[in-house]
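Novice: What follows is start.txt, made up of compact mmCIF, C-alpha atoms:
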```
# COMPACT_ATOMS: atom_id res chain seq x y z
CA MET E 179 235.97 -79.65 -23.26
CA ALA E 180 232.35 -78.60 -22.75
CA ALA E 181 233.34 -74.93 -22.70
CA ALA E 182 235.12 -75.32 -26.02
CA VAL E 183 232.09 -76.98 -27.60
CA GLY E 184 229.80 -74.27 -26.19
CA GLY E 185 232.12 -71.59 -27.55
CA ILE E 186 232.09 -73.17 -31.01
CA ALA E 187 228.30 -73.40 -30.97
CA ALA E 188 227.99 -69.79 -29.86
CA ALA E 189 230.41 -68.65 -32.56
CA PHE E 190 228.54 -70.64 -35.21
CA GLY E 191 225.19 -69.24 -34.08
CA GLU E 192 226.51 -65.70 -34.09
CA SER E 193 228.07 -66.03 -37.54
CA PHE E 194 224.89 -67.63 -38.88
CA ALA E 195 222.82 -64.78 -37.46
CA LEU E 196 225.10 -62.25 -39.14
CA GLN E 197 224.89 -64.18 -42.42
CA VAL E 198 221.08 -64.12 -42.31
CA VAL E 199 221.03 -60.37 -41.68
CA GLU E 200 223.41 -59.74 -44.57
CA ASP E 201 221.84 -62.24 -46.97
CA PRO E 202 218.13 -63.01 -46.41
CA ASP E 203 218.28 -65.64 -49.18
CA ALA E 204 220.58 -67.64 -46.92
CA THR E 205 217.56 -68.36 -44.73
CA LEU E 206 215.64 -69.83 -47.67
CA LYS E 207 218.59 -71.90 -48.80
CA ALA E 208 219.22 -73.22 -45.30
CA ALA E 209 215.54 -74.03 -44.77
CA GLY E 210 215.42 -75.88 -48.10
CA ALA E 211 218.52 -77.90 -47.27
CA VAL E 212 217.25 -78.80 -43.80
CA GLY E 213 213.85 -79.69 -45.26
CA LEU E 214 215.38 -81.97 -47.89
CA VAL E 215 217.42 -83.81 -45.28
CA ALA E 216 214.49 -84.07 -42.85
CA GLY E 217 212.39 -85.26 -45.80
CA LEU E 218 214.35 -88.50 -45.79
CA TRP E 219 212.26 -89.43 -42.74
CA VAL E 220 209.12 -87.28 -43.18
CA THR E 221 207.89 -87.66 -46.75
CA PRO E 222 205.48 -84.68 -46.92
CA LEU E 223 208.19 -82.38 -45.58
CA GLY E 224 210.62 -83.67 -48.21
CA VAL E 225 208.14 -83.09 -51.01
CA ALA E 226 207.38 -79.56 -49.78
CA ALA E 227 211.08 -78.74 -49.44
CA ALA E 228 211.86 -80.14 -52.89
CA VAL E 229 209.05 -78.04 -54.43
CA GLY E 230 210.34 -74.94 -52.65
CA VAL E 231 213.96 -75.48 -53.65
CA THR E 232 212.96 -76.22 -57.25
CA LEU E 233 210.89 -73.03 -57.46
CA TYR E 234 213.70 -71.03 -55.85
CA PHE E 235 216.26 -72.12 -58.45
CA VAL E 236 213.84 -71.84 -61.38
CA GLY E 237 213.31 -68.27 -60.19
CA ALA E 238 217.08 -67.80 -60.13
CA VAL E 239 217.33 -68.98 -63.75
CA VAL E 240 214.50 -66.65 -64.79
CA SER E 241 216.16 -63.74 -62.97
CA HIS E 242 219.46 -64.40 -64.75
CA LEU E 243 217.70 -64.44 -68.11
CA ARG E 244 215.75 -61.24 -67.39
CA VAL E 245 218.94 -59.27 -66.78
CA LYS E 246 220.61 -60.91 -69.78
CA ASP E 247 223.19 -62.68 -67.62
CA TYR E 248 223.82 -65.93 -69.45
CA GLU E 249 226.11 -67.42 -66.80
CA LEU E 250 223.24 -69.37 -65.34
CA ALA E 251 224.72 -72.86 -65.39
CA PRO E 252 225.00 -73.23 -61.57
CA ALA E 253 221.39 -72.14 -61.03
CA ALA E 254 220.16 -74.35 -63.88
CA VAL E 255 222.04 -77.40 -62.60
CA LEU E 256 220.73 -76.89 -59.07
CA ALA E 257 217.19 -76.46 -60.42
CA LEU E 258 217.53 -79.79 -62.23
CA VAL E 259 218.96 -81.49 -59.14
CA ALA E 260 216.11 -80.13 -57.02
CA ALA E 261 213.56 -81.31 -59.60
CA ALA E 262 215.18 -84.75 -59.60
CA ALA E 263 214.95 -84.82 -55.78
CA LEU E 264 211.25 -83.95 -56.07
CA VAL E 265 210.56 -86.67 -58.62
CA LEU E 266 212.49 -89.29 -56.64
CA ARG E 267 210.78 -88.29 -53.38
CA ILE E 268 207.36 -88.62 -55.01
CA LEU E 269 208.19 -91.98 -56.57
CA ALA E 270 209.62 -93.41 -53.34
```
Would you mind giving the structure from this file in structure tokens?
Specialist:
Amino acid sequence: MAAAVGGIAAAFGESFALQVVEDPDATLKAAGAVGLVAGLWVTPLGVAAAVGVTLYFVGAVVSHLRVKDYELAPAAVLALVAAAALVLRILA
């Protein structure tokens, strides 16, 4: 059983490492997600992560608009969700 769990962890780590090499933005997204979850217990970390994620997705919306790609609904929705997380974290 332990060998199977170790094999799964090794496979996950290897695939994550390959993902990060292929897509550097994956690191930022993962760090933001981990920071938001950890922010449930550590308030300053949650605020910092929410600011970072909000700025990331606002940048995504701006990038879509600059190249005249108007399919920006996912980025806009995630920017609003991140902003809501920031406001709620500050008010809590």
Novice: Using all atoms listed in the file, which residues sit within 12 Å of Leu266 in chain E once same-chain residues fewer than 5 positions away are excluded, as a list in words?
Specialist: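 Using all atoms listed in the file, the neighbours found are Leu214, Gly217, Leu218, Thr221, Gly224, Val225, Ala228, Val229, Val259, Ala260 and Ala261 of chain E.
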Novice: Of the candidates E:Leu256, E:Leu223, E:Ala262, E:Arg244, which one gets nearest to Lys207 in chain E if we count all atoms listed in the file?
Specialist: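 Closest residue, counting all atoms listed in the file: E:Leu256.
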Novice: So the first atom is CA of Leu269 in chain E and the second is CA of Val255 in chain E; what is the distance between them in Å, to one decimal place?
Specialist: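 Spanning CA of Leu269 in chain E to CA of Val255 in chain E is a straight-line distance of 21.0 Å.
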Novice: Go ahead and compute the interatomic distance for CA of Asp201 in chain E and CA of His242 in chain E, in Å to one decimal.
Specialist: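 So the answer is 18.1 Å.
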Novice: Let me make sure I understand: among E:Val239, E:Ala227, E:Leu233, E:Val265, which one has the smallest atom-to-atom distance to Ala208 in chain E if we use all atoms listed in the file?
Specialist: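 Selected residue with least distance to Ala208 in chain E: E:Ala227.
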Novice: What is the CA of Gly210 in chain E to CA of Val245 in chain E distance in Å?
Specialist: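 Between these atoms lies a distance of 25.2 Å.
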Novice: Residues at most 12 Å from Gly237 in chain E, counting all atoms listed in the file, excluding those fewer than 6 positions away in the same chain, as an MDAnalysis selection string?
Specialist: chainID E and resid 230:231 243:244 250 253:254 256:257
